[in-house]
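Just input04.txt here, compact mmCIF, N, CA and C atoms:
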```
# COMPACT_ATOMS: atom_id res chain seq x y z
N MET U 27 0.84 -1.17 0.00
CA MET U 27 0.00 0.00 0.00
C MET U 27 0.89 1.24 0.00
N ALA U 28 1.40 1.58 -1.14
CA ALA U 28 2.35 2.67 -1.31
C ALA U 28 1.75 4.03 -0.97
N ALA U 29 0.47 4.20 -1.19
CA ALA U 29 -0.17 5.50 -0.94
C ALA U 29 -0.23 5.83 0.55
N PHE U 30 -0.19 4.80 1.40
CA PHE U 30 -0.31 5.01 2.84
C PHE U 30 0.72 6.00 3.36
N ARG U 31 1.95 5.88 2.91
CA ARG U 31 3.00 6.74 3.44
C ARG U 31 2.83 8.20 3.04
N TYR U 32 2.01 8.48 2.03
CA TYR U 32 1.78 9.85 1.59
C TYR U 32 0.60 10.51 2.31
N LEU U 33 -0.13 9.74 3.08
CA LEU U 33 -1.24 10.31 3.84
C LEU U 33 -0.70 11.20 4.96
N PRO U 34 -1.44 12.23 5.33
CA PRO U 34 -1.03 13.05 6.49
C PRO U 34 -1.00 12.16 7.75
N ALA U 35 -0.11 12.49 8.67
CA ALA U 35 0.08 11.68 9.89
C ALA U 35 -1.22 11.41 10.63
N PRO U 36 -2.11 12.39 10.82
CA PRO U 36 -3.36 12.08 11.53
C PRO U 36 -4.21 11.03 10.82
N LEU U 37 -4.23 11.06 9.50
CA LEU U 37 -4.99 10.04 8.76
C LEU U 37 -4.33 8.67 8.85
N ARG U 38 -3.00 8.64 8.83
CA ARG U 38 -2.29 7.35 8.98
C ARG U 38 -2.60 6.74 10.35
N ARG U 39 -2.54 7.59 11.39
CA ARG U 39 -2.83 7.09 12.75
C ARG U 39 -4.27 6.59 12.84
N ALA U 40 -5.21 7.33 12.25
CA ALA U 40 -6.61 6.92 12.29
C ALA U 40 -6.81 5.59 11.55
N ALA U 41 -6.13 5.43 10.42
CA ALA U 41 -6.25 4.17 9.65
C ALA U 41 -5.69 3.00 10.45
N VAL U 42 -4.55 3.21 11.08
CA VAL U 42 -3.95 2.13 11.89
C VAL U 42 -4.86 1.82 13.07
N HIS U 43 -5.37 2.86 13.71
CA HIS U 43 -6.24 2.66 14.86
C HIS U 43 -7.51 1.91 14.48
N ALA U 44 -8.08 2.24 13.33
CA ALA U 44 -9.30 1.58 12.88
C ALA U 44 -9.07 0.11 12.54
N GLY U 45 -7.89 -0.21 12.05
CA GLY U 45 -7.60 -1.58 11.64
C GLY U 45 -6.97 -2.44 12.72
N ALA U 46 -6.49 -1.82 13.78
CA ALA U 46 -5.82 -2.57 14.84
C ALA U 46 -6.85 -3.08 15.85
N PRO U 47 -6.64 -4.28 16.35
CA PRO U 47 -7.58 -4.80 17.35
C PRO U 47 -7.47 -3.98 18.64
N SER U 48 -8.59 -3.79 19.29
CA SER U 48 -8.65 -3.06 20.55
C SER U 48 -9.13 -4.02 21.62
N TYR U 49 -8.44 -4.07 22.73
CA TYR U 49 -8.77 -4.99 23.81
C TYR U 49 -9.02 -4.22 25.10
N THR U 50 -9.92 -4.73 25.94
CA THR U 50 -10.02 -4.21 27.29
C THR U 50 -9.05 -5.01 28.14
N VAL U 51 -8.47 -4.37 29.14
CA VAL U 51 -7.49 -5.03 29.99
C VAL U 51 -7.92 -4.88 31.45
N GLY U 52 -8.00 -6.00 32.12
CA GLY U 52 -8.37 -6.01 33.53
C GLY U 52 -7.31 -6.69 34.36
N ALA U 53 -7.37 -6.44 35.65
CA ALA U 53 -6.48 -7.11 36.61
C ALA U 53 -7.36 -7.73 37.68
N VAL U 54 -7.15 -9.01 37.94
CA VAL U 54 -7.96 -9.72 38.94
C VAL U 54 -7.05 -10.50 39.88
N ALA U 55 -7.61 -10.76 41.07
CA ALA U 55 -6.88 -11.52 42.08
C ALA U 55 -7.62 -12.81 42.37
N VAL U 56 -6.89 -13.90 42.35
CA VAL U 56 -7.40 -15.17 42.84
C VAL U 56 -6.83 -15.30 44.24
N LEU U 57 -7.67 -15.02 45.25
CA LEU U 57 -7.25 -15.12 46.64
C LEU U 57 -7.65 -16.51 47.13
N ARG U 58 -6.65 -17.33 47.47
CA ARG U 58 -6.88 -18.75 47.78
C ARG U 58 -6.37 -19.05 49.19
N ARG U 59 -7.28 -19.55 50.04
CA ARG U 59 -6.91 -19.94 51.40
C ARG U 59 -6.22 -21.31 51.39
N PRO U 60 -5.59 -21.68 52.51
CA PRO U 60 -4.95 -23.00 52.58
C PRO U 60 -5.90 -24.18 52.35
N ASP U 61 -7.19 -24.00 52.65
CA ASP U 61 -8.15 -25.08 52.41
C ASP U 61 -8.62 -25.14 50.95
N GLY U 62 -8.07 -24.27 50.11
CA GLY U 62 -8.39 -24.27 48.69
C GLY U 62 -9.56 -23.39 48.30
N CYS U 63 -10.25 -22.80 49.28
CA CYS U 63 -11.39 -21.93 48.97
C CYS U 63 -10.92 -20.63 48.33
N LEU U 64 -11.72 -20.14 47.39
CA LEU U 64 -11.44 -18.89 46.68
C LEU U 64 -12.40 -17.81 47.15
N LEU U 65 -11.92 -16.58 47.20
CA LEU U 65 -12.77 -15.44 47.53
C LEU U 65 -13.44 -14.94 46.25
N LEU U 66 -14.78 -14.89 46.28
CA LEU U 66 -15.55 -14.43 45.13
C LEU U 66 -16.46 -13.28 45.57
N VAL U 67 -16.79 -12.42 44.61
CA VAL U 67 -17.69 -11.30 44.88
C VAL U 67 -18.89 -11.38 43.94
N ASP U 68 -20.03 -10.98 44.47
CA ASP U 68 -21.25 -10.88 43.67
C ASP U 68 -21.43 -9.40 43.38
N GLN U 69 -21.22 -9.03 42.13
CA GLN U 69 -21.24 -7.62 41.75
C GLN U 69 -22.58 -7.24 41.12
N ARG U 70 -22.96 -6.01 41.34
CA ARG U 70 -24.24 -5.51 40.81
C ARG U 70 -24.27 -5.46 39.29
N HIS U 71 -23.14 -5.24 38.66
CA HIS U 71 -23.12 -5.02 37.22
C HIS U 71 -22.89 -6.27 36.38
N SER U 72 -22.81 -7.45 37.01
CA SER U 72 -22.59 -8.65 36.20
C SER U 72 -23.44 -9.81 36.71
N ASP U 73 -23.69 -10.74 35.82
CA ASP U 73 -24.41 -11.95 36.20
C ASP U 73 -23.39 -12.97 36.67
N GLY U 74 -23.60 -13.52 37.83
CA GLY U 74 -22.71 -14.54 38.37
C GLY U 74 -21.63 -13.95 39.26
N TRP U 75 -21.00 -14.83 40.00
CA TRP U 75 -19.96 -14.44 40.93
C TRP U 75 -18.64 -14.24 40.19
N ALA U 76 -17.81 -13.37 40.72
CA ALA U 76 -16.57 -12.99 40.03
C ALA U 76 -15.40 -12.95 41.00
N LEU U 77 -14.22 -12.87 40.43
CA LEU U 77 -13.01 -12.64 41.20
C LEU U 77 -12.88 -11.15 41.46
N PRO U 78 -12.30 -10.77 42.61
CA PRO U 78 -12.08 -9.34 42.84
C PRO U 78 -11.14 -8.77 41.79
N GLY U 79 -11.49 -7.61 41.26
CA GLY U 79 -10.65 -6.98 40.26
C GLY U 79 -11.45 -6.06 39.38
N GLY U 80 -10.81 -5.54 38.36
CA GLY U 80 -11.50 -4.62 37.47
C GLY U 80 -10.59 -4.14 36.36
N LEU U 81 -11.09 -3.18 35.60
CA LEU U 81 -10.36 -2.66 34.47
C LEU U 81 -9.24 -1.73 34.91
N LEU U 82 -8.18 -1.74 34.13
CA LEU U 82 -7.07 -0.81 34.37
C LEU U 82 -7.48 0.58 33.91
N ARG U 83 -7.02 1.57 34.63
CA ARG U 83 -7.19 2.95 34.18
C ARG U 83 -6.10 3.24 33.17
N ARG U 84 -6.31 4.24 32.33
CA ARG U 84 -5.32 4.60 31.32
C ARG U 84 -3.97 4.87 31.98
N GLY U 85 -2.94 4.15 31.52
CA GLY U 85 -1.59 4.32 32.03
C GLY U 85 -1.31 3.62 33.35
N GLU U 86 -2.28 2.91 33.91
CA GLU U 86 -2.11 2.25 35.20
C GLU U 86 -1.47 0.88 35.02
N ALA U 87 -0.53 0.55 35.88
CA ALA U 87 0.09 -0.77 35.86
C ALA U 87 -0.89 -1.80 36.41
N ALA U 88 -0.80 -3.03 35.92
CA ALA U 88 -1.70 -4.09 36.37
C ALA U 88 -1.60 -4.33 37.87
N ALA U 89 -0.39 -4.30 38.41
CA ALA U 89 -0.20 -4.51 39.85
C ALA U 89 -0.91 -3.42 40.65
N ALA U 90 -0.78 -2.19 40.22
CA ALA U 90 -1.45 -1.08 40.91
C ALA U 90 -2.96 -1.22 40.81
N ALA U 91 -3.45 -1.66 39.67
CA ALA U 91 -4.90 -1.83 39.47
C ALA U 91 -5.45 -2.91 40.38
N VAL U 92 -4.76 -4.04 40.48
CA VAL U 92 -5.29 -5.11 41.32
C VAL U 92 -5.24 -4.72 42.79
N VAL U 93 -4.21 -4.01 43.21
CA VAL U 93 -4.13 -3.51 44.60
C VAL U 93 -5.33 -2.60 44.87
N ARG U 94 -5.58 -1.67 43.96
CA ARG U 94 -6.69 -0.72 44.11
C ARG U 94 -8.04 -1.44 44.15
N GLU U 95 -8.27 -2.32 43.19
CA GLU U 95 -9.57 -3.00 43.09
C GLU U 95 -9.84 -3.92 44.28
N VAL U 96 -8.83 -4.67 44.72
CA VAL U 96 -9.03 -5.58 45.85
C VAL U 96 -9.32 -4.77 47.12
N ARG U 97 -8.63 -3.66 47.31
CA ARG U 97 -8.90 -2.80 48.47
C ARG U 97 -10.34 -2.26 48.40
N GLU U 98 -10.74 -1.79 47.22
CA GLU U 98 -12.08 -1.21 47.07
C GLU U 98 -13.19 -2.25 47.25
N GLU U 99 -12.98 -3.45 46.73
CA GLU U 99 -14.06 -4.43 46.71
C GLU U 99 -14.15 -5.30 47.95
N VAL U 100 -13.00 -5.69 48.52
CA VAL U 100 -13.05 -6.63 49.64
C VAL U 100 -12.23 -6.19 50.85
N GLY U 101 -11.73 -4.95 50.82
CA GLY U 101 -11.05 -4.40 51.99
C GLY U 101 -9.74 -5.05 52.35
N VAL U 102 -9.10 -5.70 51.40
CA VAL U 102 -7.80 -6.36 51.65
C VAL U 102 -6.71 -5.50 51.02
N ASP U 103 -5.69 -5.20 51.82
CA ASP U 103 -4.56 -4.41 51.32
C ASP U 103 -3.47 -5.35 50.82
N LEU U 104 -3.19 -5.27 49.55
CA LEU U 104 -2.09 -6.02 48.95
C LEU U 104 -0.91 -5.09 48.75
N ASP U 105 0.27 -5.66 48.70
CA ASP U 105 1.49 -4.89 48.45
C ASP U 105 1.93 -5.18 47.02
N ALA U 106 1.89 -4.17 46.17
CA ALA U 106 2.25 -4.37 44.76
C ALA U 106 3.65 -4.94 44.61
N ALA U 107 4.55 -4.59 45.52
CA ALA U 107 5.94 -5.05 45.42
C ALA U 107 6.10 -6.54 45.69
N THR U 108 5.13 -7.15 46.35
CA THR U 108 5.26 -8.57 46.70
C THR U 108 4.31 -9.47 45.91
N LEU U 109 3.62 -8.91 44.92
CA LEU U 109 2.71 -9.73 44.13
C LEU U 109 3.49 -10.74 43.29
N PRO U 110 2.91 -11.93 43.08
CA PRO U 110 3.58 -12.92 42.24
C PRO U 110 3.54 -12.52 40.77
N VAL U 111 4.31 -13.21 39.98
CA VAL U 111 4.26 -13.01 38.53
C VAL U 111 2.86 -13.41 38.07
N PRO U 112 2.19 -12.53 37.35
CA PRO U 112 0.81 -12.84 36.97
C PRO U 112 0.72 -13.73 35.74
N HIS U 113 -0.47 -14.28 35.55
CA HIS U 113 -0.83 -15.00 34.33
C HIS U 113 -1.54 -14.00 33.42
N ALA U 114 -1.36 -14.14 32.12
CA ALA U 114 -2.12 -13.34 31.16
C ALA U 114 -3.15 -14.27 30.52
N VAL U 115 -4.41 -13.91 30.64
CA VAL U 115 -5.49 -14.70 30.06
C VAL U 115 -6.12 -13.85 28.95
N VAL U 116 -5.95 -14.31 27.72
CA VAL U 116 -6.46 -13.58 26.57
C VAL U 116 -7.70 -14.30 26.05
N THR U 117 -8.79 -13.56 25.96
CA THR U 117 -10.03 -14.09 25.39
C THR U 117 -10.29 -13.29 24.13
N ALA U 118 -9.75 -13.79 23.02
CA ALA U 118 -9.79 -13.06 21.75
C ALA U 118 -11.21 -12.85 21.25
N SER U 119 -12.10 -13.79 21.53
CA SER U 119 -13.46 -13.69 21.00
C SER U 119 -14.19 -12.45 21.50
N VAL U 120 -13.83 -11.95 22.67
CA VAL U 120 -14.45 -10.73 23.20
C VAL U 120 -13.42 -9.62 23.41
N ARG U 121 -12.22 -9.84 22.85
CA ARG U 121 -11.15 -8.85 22.91
C ARG U 121 -10.88 -8.38 24.34
N ARG U 122 -10.58 -9.36 25.19
CA ARG U 122 -10.32 -9.08 26.60
C ARG U 122 -9.02 -9.74 27.02
N VAL U 123 -8.22 -8.99 27.77
CA VAL U 123 -7.01 -9.52 28.40
C VAL U 123 -7.15 -9.33 29.90
N ASP U 124 -6.98 -10.41 30.64
CA ASP U 124 -7.00 -10.32 32.10
C ASP U 124 -5.62 -10.67 32.63
N VAL U 125 -5.11 -9.81 33.49
CA VAL U 125 -3.85 -10.05 34.18
C VAL U 125 -4.25 -10.63 35.53
N VAL U 126 -3.88 -11.89 35.76
CA VAL U 126 -4.40 -12.65 36.89
C VAL U 126 -3.29 -12.92 37.89
N PHE U 127 -3.48 -12.42 39.11
CA PHE U 127 -2.54 -12.64 40.20
C PHE U 127 -3.11 -13.72 41.11
N VAL U 128 -2.42 -14.85 41.24
CA VAL U 128 -2.87 -15.93 42.11
C VAL U 128 -2.10 -15.80 43.42
N LEU U 129 -2.86 -15.58 44.51
CA LEU U 129 -2.25 -15.33 45.82
C LEU U 129 -2.75 -16.33 46.84
N ASP U 130 -1.84 -17.03 47.47
CA ASP U 130 -2.19 -17.88 48.60
C ASP U 130 -2.20 -16.99 49.83
N VAL U 131 -3.33 -16.98 50.55
CA VAL U 131 -3.50 -16.08 51.68
C VAL U 131 -3.73 -16.88 52.96
N ALA U 132 -3.59 -16.23 54.09
CA ALA U 132 -3.78 -16.88 55.39
C ALA U 132 -5.24 -17.28 55.58
N ALA U 133 -5.44 -18.32 56.36
CA ALA U 133 -6.79 -18.82 56.62
C ALA U 133 -7.68 -17.75 57.23
N GLY U 134 -7.13 -16.89 58.06
CA GLY U 134 -7.93 -15.88 58.75
C GLY U 134 -7.95 -14.53 58.06
N LEU U 135 -7.69 -14.49 56.76
CA LEU U 135 -7.68 -13.22 56.05
C LEU U 135 -9.01 -12.49 56.27
N ASP U 136 -8.92 -11.24 56.66
CA ASP U 136 -10.11 -10.44 56.98
C ASP U 136 -10.65 -9.75 55.74
N ALA U 137 -11.29 -10.51 54.88
CA ALA U 137 -11.96 -9.92 53.72
C ALA U 137 -13.34 -9.48 54.17
N ARG U 138 -13.74 -8.30 53.76
CA ARG U 138 -15.03 -7.78 54.18
C ARG U 138 -15.63 -6.95 53.06
N GLN U 139 -16.93 -6.90 53.05
CA GLN U 139 -17.61 -6.09 52.06
C GLN U 139 -17.41 -4.63 52.43
N GLU U 140 -16.86 -3.89 51.52
CA GLU U 140 -16.66 -2.47 51.73
C GLU U 140 -17.93 -1.71 51.34
N ASP U 141 -17.94 -0.44 51.62
CA ASP U 141 -19.06 0.40 51.21
C ASP U 141 -18.91 0.70 49.73
N ASP U 142 -18.98 -0.34 48.94
CA ASP U 142 -18.75 -0.26 47.50
C ASP U 142 -20.07 -0.56 46.80
N ALA U 143 -20.51 0.35 45.99
CA ALA U 143 -21.78 0.15 45.29
C ALA U 143 -21.74 -1.02 44.32
N GLU U 144 -20.52 -1.46 43.94
CA GLU U 144 -20.40 -2.56 42.98
C GLU U 144 -20.68 -3.93 43.59
N VAL U 145 -20.25 -4.15 44.82
CA VAL U 145 -20.28 -5.49 45.43
C VAL U 145 -21.49 -5.63 46.34
N LYS U 146 -22.34 -6.62 46.02
CA LYS U 146 -23.51 -6.91 46.84
C LYS U 146 -23.14 -7.79 48.03
N ARG U 147 -22.26 -8.77 47.77
CA ARG U 147 -21.84 -9.70 48.83
C ARG U 147 -20.57 -10.41 48.39
N LEU U 148 -19.92 -11.05 49.35
CA LEU U 148 -18.72 -11.82 49.04
C LEU U 148 -18.73 -13.11 49.84
N GLY U 149 -17.91 -14.06 49.42
CA GLY U 149 -17.85 -15.33 50.12
C GLY U 149 -16.67 -16.16 49.67
N TRP U 150 -16.30 -17.10 50.54
CA TRP U 150 -15.23 -18.07 50.24
C TRP U 150 -15.89 -19.35 49.77
N TYR U 151 -15.42 -19.88 48.65
CA TYR U 151 -16.04 -21.07 48.05
C TYR U 151 -14.99 -22.10 47.66
N ALA U 152 -15.31 -23.35 47.97
CA ALA U 152 -14.46 -24.47 47.53
C ALA U 152 -14.66 -24.66 46.03
N LEU U 153 -13.62 -25.16 45.37
CA LEU U 153 -13.70 -25.36 43.92
C LEU U 153 -14.79 -26.35 43.51
N ASP U 154 -15.12 -27.27 44.40
CA ASP U 154 -16.16 -28.25 44.07
C ASP U 154 -17.56 -27.79 44.51
N ALA U 155 -17.66 -26.55 45.00
CA ALA U 155 -18.95 -26.03 45.45
C ALA U 155 -19.08 -24.55 45.09
N LEU U 156 -18.68 -24.20 43.88
CA LEU U 156 -18.72 -22.81 43.45
C LEU U 156 -20.14 -22.37 43.15
N PRO U 157 -20.46 -21.11 43.43
CA PRO U 157 -21.76 -20.57 43.01
C PRO U 157 -21.73 -20.34 41.50
N PRO U 158 -22.85 -19.94 40.91
CA PRO U 158 -22.83 -19.64 39.47
C PRO U 158 -21.83 -18.51 39.19
N LEU U 159 -20.90 -18.78 38.28
CA LEU U 159 -19.84 -17.82 37.97
C LEU U 159 -20.19 -16.97 36.76
N SER U 160 -19.64 -15.75 36.74
CA SER U 160 -19.74 -14.93 35.53
C SER U 160 -18.91 -15.63 34.46
N ARG U 161 -19.25 -15.38 33.22
CA ARG U 161 -18.51 -16.02 32.13
C ARG U 161 -17.01 -15.69 32.17
N PRO U 162 -16.63 -14.40 32.33
CA PRO U 162 -15.19 -14.11 32.40
C PRO U 162 -14.48 -14.85 33.53
N THR U 163 -15.14 -14.99 34.68
CA THR U 163 -14.52 -15.69 35.80
C THR U 163 -14.31 -17.16 35.48
N GLY U 164 -15.29 -17.78 34.88
CA GLY U 164 -15.12 -19.17 34.44
C GLY U 164 -13.99 -19.31 33.44
N ASP U 165 -13.92 -18.38 32.49
CA ASP U 165 -12.83 -18.39 31.50
C ASP U 165 -11.47 -18.30 32.19
N ILE U 166 -11.36 -17.40 33.15
CA ILE U 166 -10.09 -17.20 33.85
C ILE U 166 -9.71 -18.45 34.64
N LEU U 167 -10.63 -18.99 35.41
CA LEU U 167 -10.31 -20.16 36.24
C LEU U 167 -9.95 -21.38 35.39
N ARG U 168 -10.56 -21.51 34.22
CA ARG U 168 -10.18 -22.60 33.32
C ARG U 168 -8.80 -22.34 32.73
N ALA U 169 -8.53 -21.10 32.34
CA ALA U 169 -7.25 -20.77 31.72
C ALA U 169 -6.07 -20.99 32.66
N ILE U 170 -6.28 -20.75 33.96
CA ILE U 170 -5.17 -20.96 34.91
C ILE U 170 -5.25 -22.34 35.55
N ARG U 171 -6.12 -23.16 34.99
CA ARG U 171 -6.24 -24.57 35.35
C ARG U 171 -6.70 -24.83 36.80
N LEU U 172 -7.56 -23.98 37.30
CA LEU U 172 -8.19 -24.25 38.59
C LEU U 172 -9.52 -24.96 38.41
N LEU U 173 -10.08 -24.86 37.21
CA LEU U 173 -11.31 -25.60 36.89
C LEU U 173 -11.01 -26.58 35.77
```
Can the structure in the file be given as structure tokens, please?
Amino acid sequence: MAAFRYLPAPLRRAAVHAGAPSYTVGAVAVLRRPDGCLLLVDQRHSDGWALPGGLLRRGEAAAAAVVREVREEVGVDLDAATLPVPHAVVTASVRRVDVVFVLDVAAGLDARQEDDAEVKRLGWYALDALPPLSRPTGDILRAIRLL
């Protein structure tokens, strides 16, 4: 496409932007107790139970996003400097990338529902007794081989 290089820069950028795939990027935490139970949240904006987490803000690092979201949703303070290497879960069919931090936590972790309009309730669930999951949460748990 020889003519492309002769287009003004704004038009070239617009053409590339229009043709390039666009993905949403989220950061989620799999908080797992020693008994294998996972912390899940029931959010107002989605069907099914989900992992604590959310979308990254523009320019925000995934570690910072998961620290922020976990604090907002379940009142747990994570230290970005001590987070494990995350998994990247790409769901191309819906153009979504999830950065997944799997954290083994103490049995007595004090997770609590914050005054967050997003979260209706939270709970710890064994893998063999999970409540109905949101589709993205099921995708993530299968991708990291917990389901």
Practice problem: Write out as a list in words which residues come within 8 Å of Leu66 of chain U when counting only C-alpha atoms, dropping same-chain ones fewer than 6 positions away. | Solution: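 Returned residues: Trp75, Ala76, Leu77, Pro78, Leu148, Gly149, Trp150 and Tyr151 of chain U.
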Quiz prompt | Nearest candidate to Val93 of chain U (options U:Cys63, U:Val131, U:Ala53, U:Ala118; using all atoms listed in the file) | solution = U:Ala53
Quiz item: If you measure from atom CA of His113 of chain U to atom CA of Ala88 of chain U, what distance in Å do you get, rounded to one decimal?
Solution: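 Spanning atom CA of His113 of chain U to atom CA of Ala88 of chain U is a straight-line distance of 11.1 Å.
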Quiz prompt | Atom pair atom CA of Val67 of chain U / atom N of Arg147 of chain U: separation (Å) | solution = 6.0 Å
Quiz item: Using all atoms listed in the file, which of U:Val102, U:Val120, U:Leu65, U:Ala169 sits nearest Ala152 of chain U?
Solution: U:Leu65
I want to know what sits within 6 Å of Gly101 of chain U, based on only N, CA and C atoms, with residues of the same chain fewer than 3 positions away left out; could you give that as a PDB file with N, CA and C atoms, keeping the file's coordinate frame?
```pdb
ATOM      1  N   VAL U  96      -8.830  -4.670  44.720  1.00  0.00           N
ATOM      2  CA  VAL U  96      -9.030  -5.580  45.850  1.00  0.00           C
ATOM      3  C   VAL U  96      -9.320  -4.770  47.120  1.00  0.00           C
ATOM      4  N   ARG U  97      -8.630  -3.660  47.310  1.00  0.00           N
ATOM      5  CA  ARG U  97      -8.900  -2.800  48.470  1.00  0.00           C
ATOM      6  C   ARG U  97     -10.340  -2.260  48.400  1.00  0.00           C
ATOM      7  N   GLU U  98     -10.740  -1.790  47.220  1.00  0.00           N
ATOM      8  CA  GLU U  98     -12.080  -1.210  47.070  1.00  0.00           C
ATOM      9  C   GLU U  98     -13.190  -2.250  47.250  1.00  0.00           C
ATOM     10  N   ASP U 136      -8.920 -11.240  56.660  1.00  0.00           N
ATOM     11  CA  ASP U 136     -10.110 -10.440  56.980  1.00  0.00           C
ATOM     12  C   ASP U 136     -10.650  -9.750  55.740  1.00  0.00           C
ATOM     13  N   ALA U 137     -11.290 -10.510  54.880  1.00  0.00           N
ATOM     14  CA  ALA U 137     -11.960  -9.920  53.720  1.00  0.00           C
ATOM     15  C   ALA U 137     -13.340  -9.480  54.170  1.00  0.00           C
ATOM     16  N   ARG U 138     -13.740  -8.300  53.760  1.00  0.00           N
ATOM     17  CA  ARG U 138     -15.030  -7.780  54.180  1.00  0.00           C
ATOM     18  C   ARG U 138     -15.630  -6.950  53.060  1.00  0.00           C
ATOM     19  N   GLN U 139     -16.930  -6.900  53.050  1.00  0.00           N
ATOM     20  CA  GLN U 139     -17.610  -6.090  52.060  1.00  0.00           C
ATOM     21  C   GLN U 139     -17.410  -4.630  52.430  1.00  0.00           C
ATOM     22  N   GLU U 140     -16.860  -3.890  51.520  1.00  0.00           N
ATOM     23  CA  GLU U 140     -16.660  -2.470  51.730  1.00  0.00           C
ATOM     24  C   GLU U 140     -17.930  -1.710  51.340  1.00  0.00           C
TER      25      GLU U 140
END
```
Quiz item: So how far away is atom C of Leu135 of chain U from atom CA of Gly52 of chain U, in Å?
Solution: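 Distance reported for this atom pair: 23.7 Å.
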Would you be able to write out as a PDB file with N, CA and C atoms, in the frame of the given file which residues have an atom within 12 Å of (-23.3, -18.2, 36.9) in the file's coordinates, counting only C-alpha atoms?
```pdb
ATOM      1  N   LEU U  66     -14.780 -14.890  46.280  1.00  0.00           N
ATOM      2  CA  LEU U  66     -15.550 -14.430  45.130  1.00  0.00           C
ATOM      3  C   LEU U  66     -16.460 -13.280  45.570  1.00  0.00           C
ATOM      4  N   VAL U  67     -16.790 -12.420  44.610  1.00  0.00           N
ATOM      5  CA  VAL U  67     -17.690 -11.300  44.880  1.00  0.00           C
ATOM      6  C   VAL U  67     -18.890 -11.380  43.940  1.00  0.00           C
ATOM      7  N   ASP U  68     -20.030 -10.980  44.470  1.00  0.00           N
ATOM      8  CA  ASP U  68     -21.250 -10.880  43.670  1.00  0.00           C
ATOM      9  C   ASP U  68     -21.430  -9.400  43.380  1.00  0.00           C
ATOM     10  N   GLN U  69     -21.220  -9.030  42.130  1.00  0.00           N
ATOM     11  CA  GLN U  69     -21.240  -7.620  41.750  1.00  0.00           C
ATOM     12  C   GLN U  69     -22.580  -7.240  41.120  1.00  0.00           C
ATOM     13  N   SER U  72     -22.810  -7.450  37.010  1.00  0.00           N
ATOM     14  CA  SER U  72     -22.590  -8.650  36.200  1.00  0.00           C
ATOM     15  C   SER U  72     -23.440  -9.810  36.710  1.00  0.00           C
ATOM     16  N   ASP U  73     -23.690 -10.740  35.820  1.00  0.00           N
ATOM     17  CA  ASP U  73     -24.410 -11.950  36.200  1.00  0.00           C
ATOM     18  C   ASP U  73     -23.390 -12.970  36.670  1.00  0.00           C
ATOM     19  N   GLY U  74     -23.600 -13.520  37.830  1.00  0.00           N
ATOM     20  CA  GLY U  74     -22.710 -14.540  38.370  1.00  0.00           C
ATOM     21  C   GLY U  74     -21.630 -13.950  39.260  1.00  0.00           C
ATOM     22  N   TRP U  75     -21.000 -14.830  40.000  1.00  0.00           N
ATOM     23  CA  TRP U  75     -19.960 -14.440  40.930  1.00  0.00           C
ATOM     24  C   TRP U  75     -18.640 -14.240  40.190  1.00  0.00           C
ATOM     25  N   ALA U  76     -17.810 -13.370  40.720  1.00  0.00           N
ATOM     26  CA  ALA U  76     -16.570 -12.990  40.030  1.00  0.00           C
ATOM     27  C   ALA U  76     -15.400 -12.950  41.000  1.00  0.00           C
ATOM     28  N   LEU U 156     -18.680 -24.200  43.880  1.00  0.00           N
ATOM     29  CA  LEU U 156     -18.720 -22.810  43.450  1.00  0.00           C
ATOM     30  C   LEU U 156     -20.140 -22.370  43.150  1.00  0.00           C
ATOM     31  N   PRO U 157     -20.460 -21.110  43.430  1.00  0.00           N
ATOM     32  CA  PRO U 157     -21.760 -20.570  43.010  1.00  0.00           C
ATOM     33  C   PRO U 157     -21.730 -20.340  41.500  1.00  0.00           C
ATOM     34  N   PRO U 158     -22.850 -19.940  40.910  1.00  0.00           N
ATOM     35  CA  PRO U 158     -22.830 -19.640  39.470  1.00  0.00           C
ATOM     36  C   PRO U 158     -21.830 -18.510  39.190  1.00  0.00           C
ATOM     37  N   LEU U 159     -20.900 -18.780  38.280  1.00  0.00           N
ATOM     38  CA  LEU U 159     -19.840 -17.820  37.970  1.00  0.00           C
ATOM     39  C   LEU U 159     -20.190 -16.970  36.760  1.00  0.00           C
ATOM     40  N   SER U 160     -19.640 -15.750  36.740  1.00  0.00           N
ATOM     41  CA  SER U 160     -19.740 -14.930  35.530  1.00  0.00           C
ATOM     42  C   SER U 160     -18.910 -15.630  34.460  1.00  0.00           C
ATOM     43  N   ARG U 161     -19.250 -15.380  33.220  1.00  0.00           N
ATOM     44  CA  ARG U 161     -18.510 -16.020  32.130  1.00  0.00           C
ATOM     45  C   ARG U 161     -17.010 -15.690  32.170  1.00  0.00           C
ATOM     46  N   PRO U 162     -16.630 -14.400  32.330  1.00  0.00           N
ATOM     47  CA  PRO U 162     -15.190 -14.110  32.400  1.00  0.00           C
ATOM     48  C   PRO U 162     -14.480 -14.850  33.530  1.00  0.00           C
ATOM     49  N   THR U 163     -15.140 -14.990  34.680  1.00  0.00           N
ATOM     50  CA  THR U 163     -14.520 -15.690  35.800  1.00  0.00           C
ATOM     51  C   THR U 163     -14.310 -17.160  35.480  1.00  0.00           C
ATOM     52  N   GLY U 164     -15.290 -17.780  34.880  1.00  0.00           N
ATOM     53  CA  GLY U 164     -15.120 -19.170  34.440  1.00  0.00           C
ATOM     54  C   GLY U 164     -13.990 -19.310  33.440  1.00  0.00           C
ATOM     55  N   ASP U 165     -13.920 -18.380  32.490  1.00  0.00           N
ATOM     56  CA  ASP U 165     -12.830 -18.390  31.500  1.00  0.00           C
ATOM     57  C   ASP U 165     -11.470 -18.300  32.190  1.00  0.00           C
TER      58      ASP U 165
END
```
Quiz item: Which of these residues is nearest to Ile166 of chain U, using only C-alpha atoms: U:Val123, U:Ala90, U:Leu82, U:Val42?
Solution: U:Val123
Quiz item: Skipping near chain neighbours, those fewer than 3 positions away, what residues fall within 7 Å of Glu95 of chain U using only C-alpha atoms, listed as an NGL selection string?
Solution: :U and (78-80 or 91-92 or 98-99)
Set up a box along x, y and z of the file covering all listed atoms of segment 65-74 of chain U, add 5 Å on every one of the six sides, and write the centre and edge lengths in Å to one decimal, as lines of an AutoDock Vina configuration file.
```
center_x = -18.2
center_y = -10.8
center_z = 41.7
size_x = 22.5
size_y = 21.6
size_z = 21.7
```
